[in-house]
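To be precise, the following lines are final14.cif, and they hold mmCIF, C-alpha atoms and all ligand atoms.
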```cif
data_run
loop_
_atom_site.label_atom_id
_atom_site.label_comp_id
_atom_site.auth_asym_id
_atom_site.auth_seq_id
_atom_site.Cartn_x
_atom_site.Cartn_y
_atom_site.Cartn_z
CA MET A 1 17.37 65.56 147.49
CA LYS A 2 18.93 66.63 144.17
CA LYS A 3 18.66 64.09 141.35
CA PHE A 4 20.96 65.74 138.84
CA LEU A 5 24.45 67.29 138.86
CA ASN A 6 25.60 70.32 136.89
CA MET A 7 29.36 70.00 136.55
CA GLY A 8 32.34 72.18 135.71
CA VAL A 9 35.85 71.03 134.79
CA ILE A 10 38.92 73.09 135.73
CA GLY A 11 41.89 72.40 133.46
CA CYS A 12 41.44 71.31 129.83
CA SER A 13 44.12 68.73 128.98
CA GLY A 14 43.77 65.29 127.40
CA MET A 15 43.19 63.82 130.87
CA ALA A 16 40.54 66.49 131.50
CA GLU A 17 38.76 65.48 128.32
CA GLY A 18 38.60 61.94 129.74
CA HIS A 19 36.68 63.41 132.67
CA MET A 20 34.49 65.46 130.30
CA THR A 21 33.61 62.31 128.37
CA ALA A 22 32.72 60.57 131.64
CA ILE A 23 30.37 63.40 132.63
CA GLU A 24 28.86 63.43 129.14
CA LYS A 25 28.12 59.70 129.39
CA ASN A 26 26.48 59.88 132.82
CA PRO A 27 22.69 60.30 132.49
CA ASN A 28 22.51 62.10 135.85
CA ALA A 29 25.06 64.81 135.11
CA LYS A 30 25.70 67.58 132.63
CA LEU A 31 28.90 69.43 131.90
CA ILE A 32 27.99 73.11 131.72
CA ALA A 33 31.30 74.97 132.17
CA VAL A 34 35.02 74.53 131.54
CA CYS A 35 38.01 76.63 132.50
CA ASP A 36 41.67 76.82 131.60
CA ILE A 37 44.25 79.49 132.30
CA ASP A 38 44.99 79.00 128.59
CA LEU A 39 41.68 80.27 127.20
CA GLU A 40 42.28 78.76 123.76
CA LYS A 41 42.44 75.28 125.29
CA ALA A 42 39.22 75.92 127.21
CA LYS A 43 37.51 77.11 124.01
CA LYS A 44 38.63 73.98 122.16
CA SER A 45 37.18 71.67 124.82
CA ALA A 46 34.01 73.77 124.96
CA GLU A 47 33.56 73.42 121.23
CA LYS A 48 34.23 69.67 121.29
CA PHE A 49 31.79 69.01 124.16
CA LYS A 50 29.29 71.77 123.21
CA ILE A 51 29.66 73.65 126.48
CA GLU A 52 28.14 77.07 126.91
CA HIS A 53 30.26 78.58 129.68
CA VAL A 54 34.00 79.05 129.15
CA PHE A 55 36.33 80.69 131.65
CA GLN A 56 39.99 81.56 132.03
CA ASP A 57 39.79 82.17 135.79
CA TYR A 58 38.51 79.25 137.86
CA ARG A 59 36.96 81.69 140.37
CA ASP A 60 34.48 82.80 137.71
CA LEU A 61 33.46 79.18 137.16
CA LEU A 62 33.05 78.65 140.92
CA ALA A 63 30.86 81.79 141.08
CA MET A 64 28.23 80.09 138.89
CA GLU A 65 25.33 79.27 141.23
CA GLU A 66 24.00 76.50 139.01
CA ILE A 67 27.23 74.45 139.23
CA ASP A 68 26.95 71.66 141.81
CA GLY A 69 30.34 70.04 141.42
CA VAL A 70 33.75 70.42 139.80
CA VAL A 71 36.52 68.15 138.58
CA ILE A 72 39.97 69.64 139.22
CA VAL A 73 42.47 68.55 136.55
CA THR A 74 45.18 71.17 136.97
CA PRO A 75 48.86 70.87 137.97
CA ASP A 76 49.28 69.31 141.42
CA GLN A 77 50.73 72.55 142.78
CA VAL A 78 47.37 74.35 142.42
CA HIS A 79 45.13 71.59 143.84
CA ARG A 80 45.22 73.15 147.32
CA GLU A 81 44.07 76.60 146.23
CA GLN A 82 41.40 75.36 143.84
CA ALA A 83 40.10 72.50 146.01
CA ILE A 84 39.63 74.74 149.04
CA ALA A 85 38.06 77.53 146.98
CA ALA A 86 35.65 75.05 145.38
CA LEU A 87 34.55 73.60 148.74
CA GLN A 88 34.13 77.09 150.16
CA ALA A 89 32.03 78.03 147.13
CA GLY A 90 29.73 75.14 148.06
CA LYS A 91 30.75 72.74 145.27
CA HIS A 92 31.29 68.99 145.47
CA VAL A 93 34.84 68.17 144.33
CA LEU A 94 36.53 65.38 142.41
CA CYS A 95 40.24 66.28 142.53
CA GLU A 96 42.96 64.58 140.49
CA LYS A 97 45.72 62.63 142.21
CA PRO A 98 48.19 63.22 143.79
CA LEU A 99 46.16 65.21 146.32
CA ALA A 100 49.06 67.66 146.77
CA LEU A 101 52.84 67.72 146.91
CA CYS A 102 53.60 68.67 150.52
CA ARG A 103 52.20 67.96 153.95
CA GLU A 104 51.07 71.53 154.59
CA ASP A 105 48.94 71.59 151.43
CA MET A 106 47.45 68.16 152.20
CA GLU A 107 46.57 69.18 155.76
CA ALA A 108 44.88 72.35 154.49
CA ILE A 109 42.74 70.37 152.00
CA VAL A 110 41.88 67.72 154.62
CA GLN A 111 40.80 70.47 157.02
CA ALA A 112 38.65 72.20 154.38
CA ALA A 113 37.03 68.88 153.44
CA LYS A 114 36.25 68.15 157.11
CA GLU A 115 34.69 71.60 157.57
CA SER A 116 32.55 71.35 154.42
CA ASP A 117 29.22 69.58 154.06
CA LYS A 118 30.09 68.90 150.39
CA LYS A 119 31.69 65.68 149.10
CA PHE A 120 35.43 65.68 148.39
CA MET A 121 36.88 62.76 146.46
CA VAL A 122 40.44 62.17 145.21
CA GLY A 123 40.71 60.55 141.79
CA GLN A 124 42.72 57.41 142.65
CA ILE A 125 41.77 56.07 139.25
CA CYS A 126 43.55 52.68 139.44
CA ARG A 127 40.87 51.58 141.90
CA TYR A 128 38.50 51.62 138.89
CA THR A 129 40.74 49.61 136.54
CA PRO A 130 38.71 46.39 136.01
CA GLY A 131 41.64 44.01 136.55
CA PHE A 132 42.72 45.66 139.79
CA LYS A 133 39.11 45.76 141.06
CA MET A 134 38.71 42.06 140.31
CA ALA A 135 42.03 41.24 141.99
CA LYS A 136 40.95 43.04 145.15
CA GLU A 137 37.63 41.18 145.13
CA LEU A 138 39.41 37.81 144.79
CA VAL A 139 41.70 38.69 147.71
CA GLU A 140 38.76 39.80 149.86
CA ARG A 141 36.88 36.59 149.08
CA GLY A 142 39.87 34.65 150.38
CA GLU A 143 40.51 33.06 146.97
CA ILE A 144 44.30 33.21 147.40
CA GLY A 145 44.30 32.69 151.16
CA GLU A 146 46.19 35.07 153.40
CA LEU A 147 48.36 37.63 151.66
CA THR A 148 52.08 37.04 152.09
CA PHE A 149 53.82 39.30 149.55
CA VAL A 150 52.40 42.07 147.34
CA GLU A 151 54.13 44.04 144.63
CA SER A 152 53.15 46.71 142.15
CA GLU A 153 55.01 48.88 139.73
CA TYR A 154 54.58 52.13 137.89
CA ALA A 155 56.65 51.75 134.74
CA HIS A 156 56.09 54.75 132.51
CA ASP A 157 58.71 56.25 130.20
CA TYR A 158 58.41 60.04 130.65
CA THR A 159 60.62 60.81 127.64
CA GLY A 160 59.02 63.84 125.99
CA ILE A 161 56.53 64.26 128.84
CA ILE A 162 58.62 66.35 131.23
CA ARG A 163 60.13 69.63 130.09
CA PRO A 164 62.63 71.38 132.39
CA GLY A 165 60.85 74.29 134.07
CA SER A 166 57.40 72.70 133.69
CA TRP A 167 55.28 71.81 136.73
CA ARG A 168 56.21 68.14 136.34
CA ALA A 169 59.90 69.02 136.80
CA ASP A 170 59.27 70.37 140.32
CA PRO A 171 61.35 68.15 142.69
CA LEU A 172 58.29 67.77 144.95
CA ARG A 173 56.48 66.31 141.92
CA ASN A 174 59.04 63.51 141.60
CA GLY A 175 58.30 60.22 139.84
CA VAL A 176 57.20 58.46 143.03
CA VAL A 177 54.69 61.10 144.20
CA GLY A 178 53.56 62.11 140.70
CA GLY A 179 52.97 58.75 139.00
CA GLY A 180 54.25 56.12 141.44
CA CYS A 181 51.39 57.12 143.72
CA HIS A 182 49.19 54.87 141.52
CA ALA A 183 51.17 51.73 142.51
CA VAL A 184 51.48 52.82 146.14
CA ASP A 185 47.74 53.53 146.36
CA LEU A 186 46.95 50.15 144.81
CA LEU A 187 48.96 48.29 147.44
CA ARG A 188 47.55 50.46 150.28
CA TRP A 189 44.05 49.63 149.00
CA ILE A 190 44.73 45.90 148.94
CA ALA A 191 47.18 45.37 151.84
CA GLY A 192 46.73 48.41 154.11
CA ASP A 193 49.05 51.27 155.10
CA PRO A 194 52.74 50.36 154.86
CA ILE A 195 54.26 50.63 158.31
CA ARG A 196 57.99 50.76 157.50
CA ILE A 197 59.68 51.54 154.19
CA THR A 198 63.24 51.09 152.93
CA ALA A 199 63.95 52.39 149.44
CA TYR A 200 66.81 52.75 146.96
CA ALA A 201 66.90 54.95 143.87
CA ASN A 202 69.15 55.97 141.02
CA HIS A 203 69.29 58.76 138.50
CA LYS A 204 70.69 57.86 135.09
CA SER A 205 68.26 58.86 132.39
CA PHE A 206 67.11 62.44 132.98
CA PRO A 207 70.13 64.42 134.23
CA GLU A 208 68.18 67.62 133.59
CA LEU A 209 65.70 66.69 136.35
CA GLU A 210 66.39 67.16 140.05
CA TYR A 211 64.87 63.81 141.04
CA ASP A 212 65.57 60.11 140.59
CA ASP A 213 64.17 58.14 137.70
CA THR A 214 64.24 54.60 139.13
CA THR A 215 63.16 53.67 142.65
CA VAL A 216 62.47 50.44 144.47
CA ALA A 217 60.87 50.36 147.91
CA VAL A 218 60.50 47.39 150.24
CA MET A 219 57.66 47.68 152.71
CA GLN A 220 56.26 46.06 155.82
CA PHE A 221 52.45 46.03 155.77
CA PRO A 222 49.98 45.19 158.58
CA ASN A 223 49.24 41.49 159.31
CA ASN A 224 52.84 40.55 158.58
CA VAL A 225 52.47 41.11 154.82
CA ILE A 226 55.60 42.28 153.02
CA GLY A 227 55.70 44.14 149.73
CA LYS A 228 57.56 46.05 147.09
CA VAL A 229 56.90 49.03 144.83
CA PHE A 230 58.99 49.73 141.74
CA VAL A 231 58.77 53.12 140.05
CA SER A 232 60.50 53.94 136.80
CA ILE A 233 59.91 57.04 134.72
CA SER A 234 62.60 56.09 132.22
CA CYS A 235 62.10 52.37 131.49
CA LYS A 236 62.10 51.41 127.83
CA ARG A 237 58.82 49.54 127.69
CA GLN A 238 55.09 50.07 127.42
CA TYR A 239 53.38 51.93 130.29
CA THR A 240 52.31 49.09 132.58
CA MET A 241 51.47 48.63 136.22
CA ARG A 242 52.31 44.95 136.65
CA THR A 243 50.99 43.83 140.02
CA VAL A 244 51.52 40.47 141.72
CA LEU A 245 49.65 39.37 144.83
CA TYR A 246 50.92 36.25 146.56
CA GLY A 247 48.76 34.44 149.11
CA THR A 248 49.00 31.21 151.09
CA LYS A 249 46.63 29.50 148.62
CA GLY A 250 47.25 31.22 145.32
CA THR A 251 48.82 34.00 143.29
CA ILE A 252 47.35 36.72 141.08
CA ILE A 253 49.27 38.49 138.31
CA VAL A 254 47.43 41.46 136.85
CA ASP A 255 48.20 44.73 135.09
CA ASN A 256 46.37 47.57 133.39
CA THR A 257 47.18 46.72 129.77
CA THR A 258 46.53 42.96 129.36
CA PRO A 259 42.99 41.67 128.66
CA HIS A 260 43.33 38.88 131.21
CA MET A 261 44.71 38.25 134.67
CA THR A 262 46.61 35.12 135.60
CA VAL A 263 45.62 33.19 138.68
CA PHE A 264 47.63 30.27 140.01
CA LYS A 265 45.61 28.11 142.32
CA ASN A 266 45.41 24.32 142.62
CA GLU A 267 41.62 24.19 142.86
CA LEU A 268 41.16 26.19 139.67
CA THR A 269 42.98 23.84 137.33
CA ASP A 270 42.23 20.46 135.78
CA THR A 271 45.48 20.44 133.83
CA VAL A 272 47.17 17.06 133.74
CA VAL A 273 50.81 16.71 132.65
CA ASP A 274 52.19 13.19 132.07
CA GLY A 275 49.25 11.74 133.96
CA VAL A 276 49.90 13.91 137.02
CA LYS A 277 47.57 16.77 137.97
CA ALA A 278 49.53 19.96 137.48
CA ILE A 279 50.20 22.02 140.54
CA ASN A 280 49.76 25.77 140.22
CA ALA A 281 49.03 25.72 136.50
CA PRO A 282 48.02 29.18 135.32
CA VAL A 283 44.38 30.00 134.74
CA LEU A 284 43.68 33.07 132.59
CA LEU A 285 40.62 35.08 133.58
CA PRO A 286 39.39 37.60 130.99
CA VAL A 287 39.49 41.23 132.11
CA LYS A 288 37.98 44.30 130.48
CA LEU A 289 40.59 46.85 129.48
CA ALA A 290 39.90 50.35 130.84
CA ASN A 291 43.17 51.79 132.01
CA HIS A 292 42.15 55.39 132.78
CA ASN A 293 38.61 54.51 133.77
CA THR A 294 37.31 58.05 134.23
CA ILE A 295 33.80 56.76 133.50
CA GLY A 296 33.80 54.31 136.43
CA GLU A 297 35.35 56.96 138.66
CA PHE A 298 32.85 59.70 137.76
CA ASN A 299 29.88 57.33 138.00
CA GLU A 300 30.90 56.60 141.59
CA PHE A 301 31.38 60.31 142.35
CA CYS A 302 27.91 61.07 140.95
CA GLU A 303 26.32 58.27 142.99
CA ILE A 304 28.07 59.41 146.18
CA VAL A 305 26.76 62.96 145.74
CA LEU A 306 23.24 62.19 144.53
CA GLU A 307 22.61 59.34 146.99
CA ASP A 308 24.55 60.94 149.84
CA LYS A 309 26.89 57.96 150.17
CA PRO A 310 30.23 58.14 152.03
CA VAL A 311 33.31 58.96 149.95
CA VAL A 312 35.83 56.11 149.79
CA THR A 313 38.87 57.95 148.43
CA THR A 314 38.56 60.88 150.83
CA ALA A 315 41.08 63.70 151.21
CA VAL A 316 42.63 61.73 154.11
CA GLU A 317 42.92 58.63 151.91
CA GLY A 318 44.63 60.63 149.14
CA ALA A 319 46.91 62.26 151.72
CA LYS A 320 47.94 58.88 153.17
CA THR A 321 48.98 57.66 149.73
CA VAL A 322 51.13 60.76 149.19
CA ALA A 323 52.57 60.37 152.72
CA ALA A 324 53.68 56.82 151.86
CA CYS A 325 55.22 58.11 148.60
CA MET A 326 57.04 60.89 150.45
CA ALA A 327 58.40 58.30 152.90
CA ILE A 328 59.78 56.28 149.94
CA VAL A 329 61.60 59.33 148.60
CA GLU A 330 62.93 60.25 152.06
CA SER A 331 64.17 56.70 152.60
CA ALA A 332 65.99 56.62 149.25
CA ASN A 333 67.49 60.09 149.72
CA GLU A 334 68.65 59.56 153.29
CA LEU A 335 69.41 55.83 153.12
CA LYS A 336 67.33 54.99 156.15
CA THR A 337 64.13 53.14 157.01
CA VAL A 338 61.17 55.50 157.32
CA GLU A 339 57.83 55.09 159.08
CA PRO A 340 55.24 57.15 157.17
CA ASP A 341 53.18 59.63 159.17
CA TYR A 342 49.50 58.97 158.38
CA ASN A 343 48.18 61.34 161.01
CA PHE A 344 45.89 63.64 159.00
N1 LIG A 401 44.73 59.87 136.96
C1 LIG A 401 45.70 59.81 136.07
O1 LIG A 401 46.09 58.75 135.62
C2 LIG A 401 46.32 61.10 135.61
C3 LIG A 401 46.94 61.18 134.37
C4 LIG A 401 47.47 62.42 133.97
C5 LIG A 401 47.40 63.50 134.84
N2 LIG A 401 46.81 63.36 136.06
C6 LIG A 401 46.71 64.50 136.98
O2 LIG A 401 45.84 65.45 136.38
C7 LIG A 401 46.29 66.76 136.70
C8 LIG A 401 46.57 67.51 135.41
O3 LIG A 401 47.54 66.80 134.68
P1 LIG A 401 47.59 66.93 133.07
O4 LIG A 401 48.39 65.79 132.59
O5 LIG A 401 46.24 67.12 132.59
O6 LIG A 401 48.46 68.26 132.96
P2 LIG A 401 48.61 69.23 131.70
O7 LIG A 401 49.78 70.09 132.00
O8 LIG A 401 48.57 68.44 130.45
O9 LIG A 401 47.28 70.09 131.75
C9 LIG A 401 46.98 70.95 132.82
C10 LIG A 401 46.05 72.03 132.30
O10 LIG A 401 45.74 72.90 133.39
C11 LIG A 401 45.84 74.25 132.94
N3 LIG A 401 46.12 75.11 134.11
C12 LIG A 401 47.29 75.31 134.72
N4 LIG A 401 47.12 76.12 135.79
C13 LIG A 401 45.81 76.43 135.83
C14 LIG A 401 45.02 77.23 136.69
N5 LIG A 401 45.56 77.88 137.72
N6 LIG A 401 43.69 77.34 136.42
C15 LIG A 401 43.13 76.71 135.36
N7 LIG A 401 43.84 75.94 134.50
C16 LIG A 401 45.16 75.79 134.75
C17 LIG A 401 46.94 74.23 131.90
O11 LIG A 401 46.85 75.33 131.01
C18 LIG A 401 46.69 72.89 131.22
O12 LIG A 401 45.78 73.01 130.14
C19 LIG A 401 47.49 66.59 137.59
O13 LIG A 401 47.06 66.59 138.93
C20 LIG A 401 48.01 65.21 137.22
O14 LIG A 401 48.77 64.63 138.24
C21 LIG A 401 46.26 62.19 136.43
#
```
As structure tokens, the full file:
Amino acid sequence: MKKFLNMGVIGCSGMAEGHMTAIEKNPNAKLIAVCDIDLEKAKKSAEKFKIEHVFQDYRDLLAMEEIDGVVIVTPDQVHREQAIAALQAGKHVLCEKPLALCREDMEAIVQAAKESDKKFMVGQICRYTPGFKMAKELVERGEIGELTFVESEYAHDYTGIIRPGSWRADPLRNGVVGGGCHAVDLLRWIAGDPIRITAYANHKSFPELEYDDTTVAVMQFPNNVIGKVFVSISCKRQYTMRTVLYGTKGTIIVDNTTPHMTVFKNELTDTVVDGVKAINAPVLLPVKLANHNTIGEFNEFCEIVLEDKPVVTTAVEGAKTVAACMAIVESANELKTVEPDYNF
């Protein structure tokens, strides 16, 4: 079995350089080629990371025999074409989220991944954020009892990020599918696939865009858990994914930008107020900050490939997250309750 991965990265943005750094730091992988339709950007990354092979056409990168795997960091609209081509060229693939923007594209990628003997992983990066990982572990250990209510938000002011006519302005790449998929994936990971969704949205901040900028979705999860996702691409605050998990025995408040999580649980506290033991006093647990943890994500990808382990965030998993997001948008647009279709 192979013990080392030669990698290529397709797309050379700031996010892509996060992936390049992750490959550079992994002792079992080497970045040997980069590609961008904008050759100057590819050359800049190549110079920064001392990479020999630079391409403008991703097909030339895929034609390199010595490349074992690729990271796809291009606009969501081209994931289908590049992901399928990479699998068919015999490469392992780590593809950025969201998997794709429509059902047809997701089904095509899922099919190609099923037909290939190579690994295909979707970069649901919030699953590698230390605070969220720890929260999931606490829930699984039963530390807060049975889940009752879960909520997460994607609050990210896109001012200056979206230009009309750019790929991010595509109505299919709305705020819920494009960025809100992080919060939706987080809740799916912790509480399972939402069964029914009712959402409301408004559109006040970016009249030049064809999609809403603020959305709230109420969801019914399995095991009688209820939940809520809030997505705002126009909120005037720091980018944060505040997440609260309520259980029968405790509550966890965690986000991706605070170096601690807050846990409320009687057994965890010795706080005494006026001679009476405080109920539900907060306990702060330190958390490492690593918001876009490309290193954790790539390390797992590398391990999965080199040790032939099963992929966790498979194409189907990525598709289910987008399906839930699409159901939120449909519910808000048509003012009806929607049951997402997870049949991939
Ligand atoms: N995980 C996260 O938190 C996170 C954050 C940002 C972006 N993303 C995802 O990463 C992907 C890229 O987003 P970005 O912010 O880097 O976008 P970007 O627009 O900043 O960069 C995309 C790059 O791809 C290049 N490109 C476009 N079409 C190409 C093609 N056909 N072949 C090769 N290169 C091509 C562009 O020239 C550009 O350099 C998207 O899927 C996005 O949703 C994920």
Taking (32.5, 57.3, 143.2) in the file's own coordinates, collect the residues within 10 Å, counting only C-alpha atoms, and hand them back as an MDAnalysis selection string.
chainID A and resid 94 121:123 128 295:305 309:313
Go ahead and fit an axis-aligned box to every listed atom of segment 163-178 of chain A plus 6 Å each side, and pass me the centre and edge lengths in Å, one decimal, as AutoDock Vina command-line options.
```
--center_x 58.1 --center_y 66.4 --center_z 137.5 --size_x 21.1 --size_y 27.8 --size_z 26.9
```
Taking into account only C-alpha atoms, which residue in the set A:Ala100, A:Thr248, A:Val71, A:Ala85 is nearest to Thr148 of chain A?
A:Thr248
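Interatomic distance, atom N6 of ligand LIG 401 (chain A) against atom CA of Lys114 of chain A: 23.8 Å.
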Can you build me a table of segment 219-320 of chain A residues sitting at most 10 Å from segment 152-171 of chain A, with the closest atom pair per residue and its distance in Å to one decimal, using all atoms listed in the file, sorted by chain and residue number, as CSV?
```
residue,atom,partner,partner_atom,distance
A:Gly227,CA,A:Ser152,CA,8.4
A:Lys228,CA,A:Ser152,CA,6.7
A:Val229,CA,A:Ser152,CA,5.2
A:Phe230,CA,A:Glu153,CA,4.5
A:Val231,CA,A:Tyr154,CA,4.8
A:Ser232,CA,A:Ala155,CA,4.9
A:Ile233,CA,A:Asp157,CA,4.7
A:Ser234,CA,A:Asp157,CA,4.4
A:Cys235,CA,A:Asp157,CA,5.3
A:Lys236,CA,A:Asp157,CA,6.4
A:Arg237,CA,A:Asp157,CA,7.2
A:Gln238,CA,A:His156,CA,7.0
A:Tyr239,CA,A:His156,CA,4.5
A:Thr240,CA,A:Ala155,CA,5.5
A:Met241,CA,A:Tyr154,CA,5.0
A:Arg242,CA,A:Glu153,CA,5.7
A:Thr243,CA,A:Ser152,CA,4.2
A:Val244,CA,A:Ser152,CA,6.5
A:Leu245,CA,A:Ser152,CA,8.6
A:Ile253,CA,A:Ser152,CA,9.9
A:Val254,CA,A:Ser152,CA,9.4
A:Asp255,CA,A:Ser152,CA,8.8
```
Taking 2 positions as the minimum chain separation for residues in the same chain, which residues sit within 12 Å of Asp60 of chain A when counting only C-alpha atoms? Answer as a PyMOL selection string.
chain A and resi 8+10+33-37+53-58+62-65+67+82+85-86+89
Which one of A:Val276, A:Ala290, A:Ala29, A:Ala201 sits closest to ligand LIG 401 (chain A) if you count only C-alpha atoms and all ligand atoms?
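Under the stated criterion, the closest residue is A:Ala290.
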Write out as a compact mmCIF listing (two decimals) with C-alpha atoms, keeping the file's coordinate frame each polymer residue (protein, DNA or RNA) that has an atom no more than 7 Å from ligand LIG 401 (chain A), with all atoms listed in the file counted.
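What follows is the written file part13.txt:
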```
# COMPACT_ATOMS: atom_id res chain seq x y z
CA ILE A 10 38.92 73.09 135.73
CA GLY A 11 41.89 72.40 133.46
CA CYS A 12 41.44 71.31 129.83
CA SER A 13 44.12 68.73 128.98
CA GLY A 14 43.77 65.29 127.40
CA MET A 15 43.19 63.82 130.87
CA ALA A 16 40.54 66.49 131.50
CA CYS A 35 38.01 76.63 132.50
CA ASP A 36 41.67 76.82 131.60
CA ILE A 37 44.25 79.49 132.30
CA ASP A 38 44.99 79.00 128.59
CA LYS A 41 42.44 75.28 125.29
CA GLN A 56 39.99 81.56 132.03
CA ASP A 57 39.79 82.17 135.79
CA TYR A 58 38.51 79.25 137.86
CA VAL A 73 42.47 68.55 136.55
CA THR A 74 45.18 71.17 136.97
CA PRO A 75 48.86 70.87 137.97
CA ASP A 76 49.28 69.31 141.42
CA VAL A 78 47.37 74.35 142.42
CA GLU A 96 42.96 64.58 140.49
CA LYS A 97 45.72 62.63 142.21
CA PRO A 98 48.19 63.22 143.79
CA GLY A 123 40.71 60.55 141.79
CA GLN A 124 42.72 57.41 142.65
CA ILE A 125 41.77 56.07 139.25
CA GLY A 178 53.56 62.11 140.70
CA HIS A 292 42.15 55.39 132.78
```
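Between atom CA of Cys325 of chain A and atom CA of Gly179 of chain A there is a distance of 9.9 Å.
Atom CA of Leu87 of chain A lies 19.5 Å from atom CA of Ile23 of chain A.
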Please tell me which residues are no farther than 8 Å from (68.4, 50.5, 147.3) in the file, counting all atoms listed in the file, and write them as an mmCIF file with C-alpha atoms, keeping the file's coordinate frame.
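Produced file part07.cif, reproduced below:
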```cif
data_model
loop_
_atom_site.group_PDB
_atom_site.id
_atom_site.type_symbol
_atom_site.label_atom_id
_atom_site.label_comp_id
_atom_site.auth_asym_id
_atom_site.auth_seq_id
_atom_site.Cartn_x
_atom_site.Cartn_y
_atom_site.Cartn_z
ATOM 1 C CA THR A 198 63.240 51.090 152.930
ATOM 2 C CA ALA A 199 63.950 52.390 149.440
ATOM 3 C CA TYR A 200 66.810 52.750 146.960
ATOM 4 C CA ALA A 201 66.900 54.950 143.870
ATOM 5 C CA THR A 215 63.160 53.670 142.650
ATOM 6 C CA VAL A 216 62.470 50.440 144.470
ATOM 7 C CA ALA A 217 60.870 50.360 147.910
ATOM 8 C CA ALA A 332 65.990 56.620 149.250
ATOM 9 C CA LEU A 335 69.410 55.830 153.120
#
```
Excluding Lys3 of chain A and residues on its chain fewer than 3 positions from it, collect all residues at most 9 Å away from it, counting all atoms listed in the file, and give them as an MDAnalysis selection string.
chainID A and resid 28:29 306:307
